[in-house]
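Asker: Dropping in run.txt, which is compact mmCIF, C-alpha atoms and all ligand atoms:
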```txt
# COMPACT_ATOMS: atom_id res chain seq x y z
CA MET I 1 46.00 0.85 -5.93
CA ALA I 2 42.32 1.16 -5.14
CA ASN I 3 39.91 1.68 -8.01
CA VAL I 4 37.37 3.98 -6.40
CA LEU I 5 37.66 7.23 -4.47
CA VAL I 6 34.80 7.98 -2.06
CA VAL I 7 34.35 11.65 -1.13
CA ALA I 8 33.14 11.83 2.47
CA GLU I 9 30.47 14.28 3.54
CA LEU I 10 30.70 16.01 6.91
CA THR I 11 28.20 17.81 9.11
CA GLU I 12 28.61 21.49 9.99
CA THR I 13 30.38 20.39 13.17
CA GLY I 14 32.84 18.19 11.26
CA ALA I 15 31.41 14.73 12.02
CA VAL I 16 30.97 12.16 9.25
CA ARG I 17 27.49 12.17 7.75
CA LYS I 18 25.76 8.79 7.45
CA THR I 19 25.41 9.45 3.72
CA THR I 20 29.13 8.65 3.46
CA HIS I 21 28.37 5.04 4.48
CA ASN I 22 26.00 4.70 1.50
CA ALA I 23 28.71 6.01 -0.84
CA ILE I 24 31.14 3.46 0.63
CA ALA I 25 28.65 0.66 -0.07
CA PHE I 26 28.31 1.92 -3.64
CA ALA I 27 32.11 1.92 -4.03
CA GLN I 28 32.14 -1.68 -2.79
CA GLN I 29 29.65 -2.62 -5.53
CA ALA I 30 32.02 -1.19 -8.15
CA GLY I 31 34.77 -3.46 -6.82
CA GLY I 32 38.53 -3.14 -7.12
CA GLY I 33 39.03 -1.60 -3.70
CA PHE I 34 38.39 1.94 -2.56
CA SER I 35 39.93 4.83 -0.65
CA ILE I 36 38.14 7.69 1.08
CA LEU I 37 38.88 11.42 0.92
CA VAL I 38 37.80 13.66 3.79
CA LEU I 39 37.97 17.44 3.45
CA GLY I 40 37.33 19.89 6.26
CA ASP I 41 38.81 22.00 9.00
CA LYS I 42 38.70 18.93 11.29
CA ALA I 43 39.30 16.35 8.57
CA SER I 44 41.89 14.34 10.51
CA ALA I 45 39.44 13.58 13.32
CA ALA I 46 36.68 12.72 10.84
CA ALA I 47 39.11 10.49 8.90
CA GLN I 48 39.59 8.42 12.07
CA GLU I 49 35.84 7.69 12.07
CA LEU I 50 36.26 6.06 8.65
CA THR I 51 39.26 3.81 9.20
CA GLY I 52 37.12 0.76 10.02
CA PHE I 53 35.35 0.33 6.67
CA GLY I 54 37.99 -1.54 4.72
CA ALA I 55 39.37 1.39 2.70
CA GLU I 56 42.87 1.03 1.31
CA LYS I 57 43.61 4.55 2.59
CA VAL I 58 41.74 7.41 4.15
CA PHE I 59 43.04 10.73 2.81
CA ALA I 60 42.56 13.72 5.12
CA CYS I 61 42.75 17.21 3.70
CA GLU I 62 42.60 19.43 6.77
CA ASP I 63 42.56 23.15 6.18
CA ALA I 64 40.93 26.01 8.08
CA SER I 65 39.42 27.31 4.83
CA LEU I 66 37.49 24.04 4.31
CA GLY I 67 35.35 24.38 7.46
CA ALA I 68 32.29 25.25 5.40
CA TYR I 69 31.52 23.54 2.12
CA VAL I 70 32.11 25.70 -0.95
CA ALA I 71 32.24 23.66 -4.16
CA GLU I 72 34.87 25.88 -5.79
CA HIS I 73 37.21 25.36 -2.83
CA PHE I 74 36.69 21.60 -2.54
CA ALA I 75 36.73 20.57 -6.22
CA PRO I 76 40.44 21.22 -7.03
CA THR I 77 41.64 18.97 -4.20
CA VAL I 78 39.19 16.17 -5.04
CA ALA I 79 40.31 16.32 -8.68
CA GLU I 80 43.99 16.24 -7.71
CA VAL I 81 43.58 13.21 -5.44
CA ALA I 82 41.46 11.46 -8.10
CA LYS I 83 44.35 11.83 -10.55
CA GLN I 84 46.42 9.48 -8.40
CA GLY I 85 45.07 6.60 -10.50
CA PHE I 86 41.43 6.29 -9.42
CA ARG I 87 38.99 5.12 -12.05
CA LEU I 88 35.78 6.14 -10.35
CA VAL I 89 34.97 8.97 -7.91
CA VAL I 90 31.75 8.60 -5.90
CA ALA I 91 29.65 10.47 -3.36
CA THR I 92 26.05 10.22 -2.24
CA ALA I 93 23.49 12.15 -4.29
CA SER I 94 22.86 14.65 -1.50
CA SER I 95 23.05 18.36 -2.28
CA PHE I 96 26.78 18.06 -1.40
CA GLY I 97 27.52 15.23 -3.84
CA LYS I 98 25.30 16.54 -6.61
CA ASP I 99 26.93 19.96 -6.34
CA LEU I 100 30.54 18.83 -6.03
CA LEU I 101 31.06 15.90 -8.38
CA PRO I 102 29.95 17.55 -11.65
CA ARG I 103 32.51 20.29 -10.96
CA VAL I 104 35.20 17.67 -10.32
CA ALA I 105 34.11 15.93 -13.53
CA GLY I 106 34.62 19.19 -15.41
CA ARG I 107 38.17 19.47 -14.06
CA LEU I 108 39.00 15.87 -14.95
CA ASP I 109 37.23 15.74 -18.30
CA GLY I 110 35.40 12.77 -16.82
CA ALA I 111 31.87 11.58 -17.53
CA TYR I 112 29.36 11.86 -14.69
CA ALA I 113 26.30 9.72 -13.85
CA GLY I 114 24.07 11.26 -11.18
CA ASP I 115 21.64 9.63 -8.76
CA CYS I 116 22.56 5.99 -9.48
CA ALA I 117 20.71 3.11 -7.84
CA SER I 118 23.58 0.63 -8.27
CA VAL I 119 26.73 -0.13 -10.20
CA THR I 120 27.98 -3.45 -11.53
CA SER I 121 31.37 -4.37 -12.87
CA ASN I 122 31.60 -6.78 -15.78
CA GLY I 123 35.16 -7.58 -16.74
CA GLY I 124 36.13 -4.16 -15.42
CA ALA I 125 33.47 -2.25 -17.42
CA LEU I 126 31.15 -0.39 -15.07
CA THR I 127 27.41 -0.24 -15.71
CA PHE I 128 25.39 2.28 -13.73
CA LYS I 129 21.69 1.76 -13.06
CA ARG I 130 19.74 5.03 -12.83
CA PRO I 131 16.07 5.71 -12.04
CA MET I 132 14.24 7.60 -14.78
CA PHE I 133 10.72 9.03 -15.19
CA ALA I 134 10.22 9.58 -11.45
CA GLY I 135 11.47 6.09 -10.69
CA ASN I 136 9.07 4.33 -13.05
CA ALA I 137 11.87 2.97 -15.23
CA PHE I 138 15.57 2.27 -14.90
CA GLY I 139 18.21 3.23 -17.42
CA TYR I 140 21.61 1.51 -17.65
CA CYS I 141 24.59 3.55 -18.74
CA GLN I 142 28.27 3.05 -19.34
CA MET I 143 30.77 5.86 -19.58
CA SER I 144 33.84 5.88 -21.78
CA THR I 145 36.18 8.38 -20.11
CA PRO I 146 39.25 7.08 -18.23
CA ILE I 147 38.05 8.68 -14.96
CA GLN I 148 34.33 8.41 -14.23
CA LEU I 149 32.23 10.05 -11.53
CA ALA I 150 28.92 9.03 -10.02
CA THR I 151 26.59 9.89 -7.19
CA CYS I 152 24.44 7.18 -5.62
CA ARG I 153 20.88 7.54 -4.42
CA GLN I 154 20.97 7.05 -0.66
CA SER I 155 17.64 5.22 -0.48
CA GLU I 156 18.75 2.59 -3.03
CA VAL I 157 22.04 1.57 -1.39
CA ASP I 158 22.15 0.16 2.12
CA PRO I 159 24.86 1.85 4.20
CA ALA I 160 28.17 0.02 4.59
CA GLU I 161 28.92 -1.43 8.01
CA PRO I 162 32.36 -1.18 9.62
CA THR I 163 34.46 -4.26 8.89
CA GLY I 164 36.79 -3.88 11.83
CA GLY I 165 39.93 -3.16 9.78
CA SER I 166 42.13 -0.14 10.35
CA SER I 167 42.94 1.84 7.21
CA PRO I 168 45.98 4.12 7.24
CA VAL I 169 45.26 7.86 7.25
CA GLU I 170 47.31 9.97 4.86
CA SER I 171 47.37 13.78 4.93
CA VAL I 172 46.95 15.60 1.65
CA ALA I 173 47.47 19.30 1.05
CA LYS I 174 44.65 21.50 -0.13
CA VAL I 175 44.93 22.53 -3.76
CA ALA I 176 44.22 26.25 -3.90
CA PRO I 177 41.37 27.27 -6.17
CA GLY I 178 42.09 29.67 -9.04
CA ALA I 179 41.94 33.44 -8.63
CA ALA I 180 38.28 33.76 -9.59
CA ALA I 181 37.12 30.87 -7.39
CA SER I 182 39.16 32.22 -4.45
CA ARG I 183 36.89 35.24 -4.42
CA ILE I 184 33.91 33.03 -3.57
CA GLN I 185 33.58 33.08 0.16
CA HIS I 186 31.32 31.36 2.61
CA LEU I 187 29.57 34.03 4.70
CA GLY I 188 27.27 31.88 6.84
CA VAL I 189 24.41 29.41 6.85
CA ALA I 190 20.89 30.29 7.92
CA THR I 191 19.69 27.01 9.44
CA VAL I 192 16.50 26.20 11.21
CA LYS I 193 17.45 24.54 14.48
CA SER I 194 15.36 21.49 15.17
CA GLU I 195 15.39 18.86 17.87
CA ARG I 196 14.04 16.38 15.37
CA PRO I 197 16.18 13.94 13.39
CA GLU I 198 17.17 15.09 9.93
CA LEU I 199 14.61 14.14 7.29
CA GLY I 200 17.10 12.37 5.01
CA GLU I 201 18.55 10.27 7.84
CA ALA I 202 15.59 9.62 10.18
CA SER I 203 14.46 6.06 10.79
CA VAL I 204 10.85 7.23 11.19
CA VAL I 205 9.25 9.91 8.99
CA VAL I 206 5.71 11.23 9.32
CA SER I 207 4.65 13.17 6.24
CA GLY I 208 1.64 15.38 5.80
CA GLY I 209 -0.28 16.47 2.72
CA ARG I 210 -2.21 19.48 1.54
CA ALA I 211 -5.37 18.25 3.28
CA ILE I 212 -4.04 19.21 6.72
CA LYS I 213 -3.92 22.87 5.75
CA GLU I 214 -3.07 25.41 8.47
CA LYS I 215 -3.29 22.72 11.17
CA PHE I 216 -0.16 21.08 9.70
CA PHE I 217 2.03 21.37 12.77
CA ASP I 218 -0.83 20.98 15.29
CA ILE I 219 -1.54 17.59 13.71
CA MET I 220 1.98 16.45 12.87
CA ASN I 221 4.00 17.56 15.91
CA PRO I 222 2.39 15.32 18.58
CA LEU I 223 2.72 12.23 16.39
CA ALA I 224 6.31 13.07 15.41
CA ASP I 225 7.16 13.75 19.07
CA VAL I 226 5.90 10.42 20.33
CA LEU I 227 7.64 8.52 17.53
CA GLY I 228 10.86 10.54 17.62
CA ALA I 229 10.24 11.10 13.92
CA ALA I 230 11.28 13.64 11.31
CA ILE I 231 8.45 15.53 9.62
CA GLY I 232 8.05 15.56 5.85
CA ALA I 233 5.41 16.96 3.52
CA SER I 234 4.01 16.69 0.03
CA ARG I 235 4.88 19.34 -2.46
CA ALA I 236 1.29 20.56 -2.45
CA ALA I 237 1.54 21.15 1.33
CA CYS I 238 4.83 23.02 0.87
CA ASP I 239 3.65 25.05 -2.09
CA ALA I 240 0.57 26.12 -0.13
CA GLY I 241 2.83 27.33 2.68
CA TYR I 242 1.56 24.84 5.27
CA ALA I 243 5.06 23.35 5.64
CA PRO I 244 8.51 24.80 4.83
CA GLY I 245 9.97 23.94 1.42
CA ASP I 246 12.81 21.87 2.86
CA TYR I 247 10.23 19.39 4.25
CA GLN I 248 9.25 18.30 0.75
CA VAL I 249 9.58 14.61 0.00
CA GLY I 250 9.55 13.44 -3.59
CA GLN I 251 11.00 13.68 -7.03
CA THR I 252 11.82 17.35 -6.63
CA GLY I 253 12.26 17.17 -2.86
CA LYS I 254 14.15 14.85 -0.55
CA ILE I 255 14.50 11.12 -1.18
CA VAL I 256 13.91 9.23 2.07
CA ALA I 257 14.01 5.55 2.96
CA PRO I 258 13.20 5.24 6.67
CA SER I 259 12.16 2.06 8.46
CA LEU I 260 8.69 3.57 8.91
CA TYR I 261 6.99 6.19 6.71
CA ILE I 262 3.54 7.44 7.68
CA ALA I 263 1.76 9.36 4.89
CA ILE I 264 -1.06 11.47 6.28
CA GLY I 265 -3.60 12.99 3.90
CA ILE I 266 -1.26 12.38 0.96
CA SER I 267 -2.86 11.12 -2.24
CA GLY I 268 0.22 9.24 -3.51
CA ALA I 269 1.11 11.05 -6.73
CA ILE I 270 4.01 9.40 -8.58
CA GLN I 271 6.22 12.39 -7.88
CA HIS I 272 5.69 11.94 -4.13
CA ILE I 273 6.13 8.18 -4.29
CA ALA I 274 9.45 8.66 -6.11
CA GLY I 275 10.80 10.13 -2.88
CA MET I 276 9.61 7.56 -0.33
CA LYS I 277 8.92 4.22 -1.99
CA GLY I 278 12.20 2.81 -0.65
CA SER I 279 10.80 3.03 2.92
CA LYS I 280 10.72 -0.34 4.69
CA THR I 281 7.18 -0.05 6.06
CA ILE I 282 4.66 2.42 4.67
CA VAL I 283 1.51 3.42 6.53
CA ALA I 284 -1.14 5.61 4.90
CA ILE I 285 -3.99 7.50 6.50
CA ASN I 286 -6.47 8.91 4.01
CA LYS I 287 -10.23 9.37 3.97
CA ASP I 288 -10.45 8.22 0.33
CA ALA I 289 -10.22 4.42 0.10
CA GLU I 290 -9.34 4.79 -3.61
CA ALA I 291 -6.32 7.05 -2.97
CA PRO I 292 -3.30 5.71 -4.93
CA ILE I 293 -1.13 5.74 -1.81
CA PHE I 294 -3.00 2.63 -0.59
CA GLN I 295 -1.60 0.63 -3.53
CA LEU I 296 1.87 1.13 -2.07
CA ALA I 297 1.08 1.10 1.66
CA ASP I 298 1.79 -1.92 3.85
CA TYR I 299 -0.87 -0.70 6.29
CA GLY I 300 -3.72 1.62 5.41
CA LEU I 301 -6.29 3.42 7.52
CA VAL I 302 -9.32 4.91 5.78
CA ALA I 303 -10.23 7.68 8.18
CA ASP I 304 -10.49 11.42 8.71
CA LEU I 305 -6.98 12.46 9.63
CA PHE I 306 -8.16 15.22 11.97
CA GLN I 307 -9.67 12.55 14.19
CA ALA I 308 -7.37 9.58 13.54
CA VAL I 309 -3.97 11.24 13.93
CA PRO I 310 -4.53 12.86 17.36
CA GLU I 311 -6.03 9.57 18.58
CA LEU I 312 -3.05 7.64 17.24
CA ALA I 313 -0.61 10.05 18.92
CA GLN I 314 -2.50 9.74 22.22
CA GLU I 315 -2.60 5.95 22.11
CA LEU I 316 1.10 5.75 21.26
CA ALA I 317 1.92 8.12 24.12
CA LYS I 318 -0.10 5.94 26.54
CA HIS I 319 1.63 2.83 25.25
CA LYS I 320 5.03 4.47 25.64
CA ALA I 321 4.23 5.62 29.17
CA ALA I 322 3.01 2.12 30.12
CA LYS I 323 6.25 0.63 28.84
CA GLY I 324 8.16 3.19 30.93
C1 LIG S 401 7.38 18.06 -12.12
C2 LIG S 401 6.65 17.78 -10.85
C3 LIG S 401 7.36 17.47 -9.71
C4 LIG S 401 6.70 17.19 -8.52
N1 LIG S 401 7.43 16.88 -7.40
C5 LIG S 401 6.78 16.53 -6.28
C6 LIG S 401 7.50 16.14 -5.13
O1 LIG S 401 8.73 16.13 -5.10
N2 LIG S 401 6.80 15.78 -4.04
C7 LIG S 401 5.43 15.78 -3.99
O2 LIG S 401 4.86 15.45 -2.95
N3 LIG S 401 4.75 16.17 -5.08
C8 LIG S 401 5.36 16.56 -6.20
N4 LIG S 401 4.64 16.97 -7.27
C9 LIG S 401 3.20 17.21 -7.08
C10 LIG S 401 2.36 15.94 -7.17
O3 LIG S 401 2.03 15.68 -8.51
C11 LIG S 401 1.08 16.10 -6.35
O4 LIG S 401 0.38 17.22 -6.82
C12 LIG S 401 1.28 16.26 -4.86
O5 LIG S 401 2.14 15.25 -4.37
C13 LIG S 401 -0.06 16.17 -4.16
O6 LIG S 401 0.08 16.43 -2.79
P1 LIG S 401 -0.98 15.93 -1.74
O7 LIG S 401 -1.04 14.44 -1.79
O8 LIG S 401 -0.67 16.59 -0.45
O9 LIG S 401 -2.34 16.61 -2.25
P2 LIG S 401 -3.59 16.00 -2.98
O10 LIG S 401 -3.22 15.28 -4.21
O11 LIG S 401 -4.54 17.13 -3.10
O12 LIG S 401 -4.15 14.90 -2.00
C14 LIG S 401 -4.75 15.20 -0.76
C15 LIG S 401 -5.19 13.88 -0.16
O13 LIG S 401 -5.70 14.13 1.13
C16 LIG S 401 -6.85 13.32 1.33
N5 LIG S 401 -7.67 13.98 2.35
C17 LIG S 401 -8.38 15.14 2.22
N6 LIG S 401 -8.97 15.45 3.39
C18 LIG S 401 -8.65 14.44 4.27
C19 LIG S 401 -8.97 14.17 5.63
N7 LIG S 401 -9.73 15.02 6.34
N8 LIG S 401 -8.49 13.05 6.19
C20 LIG S 401 -7.73 12.16 5.48
N9 LIG S 401 -7.40 12.38 4.19
C21 LIG S 401 -7.85 13.50 3.60
C22 LIG S 401 -7.51 13.22 -0.04
O14 LIG S 401 -8.32 12.06 -0.11
C23 LIG S 401 -6.30 13.19 -0.96
O15 LIG S 401 -5.91 11.84 -1.23
C24 LIG S 401 5.29 17.25 -8.48
C25 LIG S 401 4.58 17.56 -9.63
C26 LIG S 401 5.24 17.81 -10.81
C27 LIG S 401 4.44 18.12 -12.03
```
Using structure tokens, write down the structure that the file contains.
Answerer:
Amino acid sequence: MANVLVVAELTETGAVRKTTHNAIAFAQQAGGGFSILVLGDKASAAAQELTGFGAEKVFACEDASLGAYVAEHFAPTVAEVAKQGFRLVVATASSFGKDLLPRVAGRLDGAYAGDCASVTSNGGALTFKRPMFAGNAFGYCQMSTPIQLATCRQSEVDPAEPTGGSSPVESVAKVAPGAAASRIQHLGVATVKSERPELGEASVVVSGGRAIKEKFFDIMNPLADVLGAAIGASRAACDAGYAPGDYQVGQTGKIVAPSLYIAIGISGAIQHIAGMKGSKTIVAINKDAEAPIFQLADYGLVADLFQAVPELAQELAKHKAAKG
């Protein structure tokens, strides 16, 4: 019997989100084998996408009412499957995982550790490492309940790769929520359609700060276009209304860890750094050579962004065209 249950996260169209691969890697760290639970209106198809990761089983709970995520409708089934003998239930610390697992914990009387960077098993006892104080310190915690729950920080855990195995898929029935929870219905999602990659999953992110002001998109779009990048922003840029709130990167925004992160006119406050310091290569463009972001950057350009960024976008476009 596997030790860990991974709760898969799906997109609105029912495909497996990459965040699930990070949760699988986290489950592998805990050891003792793992199974995966997929919930959705197309869960069986999504479950097939996850059979190659070495899970003991992939549970598929397919039900028309699970097409859109509603915590109250998902939690009873997750709790019921977890009771089959799992010791740890994990998901990625996305809004899905952070919303769902505490509710499951409540149903199971289990302790919950959110936003973990890693987990280690010592003689079966699990120790969870968690960032604290905007990532400036780590805390280590152990939980004492028989079933434990944890979300992992996507940027701290490299996604699991398929191992080539073929896990069996087992159907599980949806556990109906109670009378009160049944009254909670999903009416719709107001999404902003974008051709760009999603900020949390993009391999290149270009982020802009308050300094760009009303020219935010005039400056950022051409560079993002040529790099095929997602656009992020500092909280100051979002608060000022130069960029939408869901672009915010940082402690109270999204945590990103792309291969390339370009910070443009961003000072490098610790709360911003908490959201992007896991990026593989960091480039900073700032007119102040003393800006704290340069202490973290792999490459820094001291320049006026209004001149440097359009030039950079133009040069990259020329380079791209020359390469065909
Ligand atoms: C509880 C809490 C949570 C927070 N959470 C977040 C968070 O999640 N994310 C986040 O980003 N912030 C967060 N903050 C805010 C954070 O402390 C900073 O205030 C914010 O990150 C600053 O944004 P900024 O770098 O765009 O602006 P500023 O700090 O004002 O920096 C602007 C930078 O632009 C440069 N600049 C100006 N003009 C030009 C030019 N023409 N060319 C090139 N460079 C130029 C300046 O030299 C400066 O370095 C939080 C704060 C608190 C208290």
Asker: Pick out the closest residue to ligand LIG 401 (chain S) from this set: I:Pro131, I:Gly245, I:Gly250, I:Gly67. Count all atoms listed in the file.
Answerer: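 Checking each candidate against ligand LIG 401 (chain S), we get I:Gly250 as the closest.
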Asker: Enclose ligand LIG 401 (chain S), meaning all of its atoms listed in the file, in a box aligned along x, y and z, pad it by 4 Å on each side, and list the centre and edge lengths in Å to one decimal, as JSON.
Answerer:
```
{"center_x": -0.5, "center_y": 15.0, "center_z": -2.9, "size_x": 26.5, "size_y": 14.3, "size_z": 26.5}
```
Asker: What residues of the protein or nucleic acid chains come within 9 Å of ligand LIG 401 (chain S) when you use only C-alpha atoms and all ligand atoms? Reply as an MDAnalysis selection string.
Answerer: chainID I and resid 134 208:212 233:238 248:255 263:275 285:293 302:308
Asker: Looking at all atoms listed in the file, which of I:Ala179, I:Ile36, I:Val6, I:Leu223 is the one that sits closest to I:Thr151?
Answerer: I:Val6
Asker: Which of these, I:Asn3, I:Gly114, I:Leu227, I:Lys213, has the shortest distance to I:Ala240 once you count only C-alpha atoms?
Answerer: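 Ranked by minimum distance to I:Ala240, first place goes to I:Lys213.
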Asker: To one decimal place in Å, what is the distance between atom CA of I:Ser118 and atom CA of I:Ser95?
Answerer: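 Rounded to one decimal, the two atoms are 18.7 Å apart.
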Asker: So how far away is atom CA of I:Val192 from atom CA of I:Ser259, in Å?
Answerer: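 A separation of 24.7 Å between them.
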Asker: Mind giving me the straight-line distance from atom CA of I:Ala313 to atom CA of I:Lys215 in Å, one decimal?
Answerer: 15.1 Å
Asker: From the list I:Asn136, I:Gln314, I:Gln28, I:Thr281, which residue is nearest I:Val205 when using all atoms listed in the file?
Answerer: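 Answer, going by the shortest atom-to-atom distance: I:Thr281.
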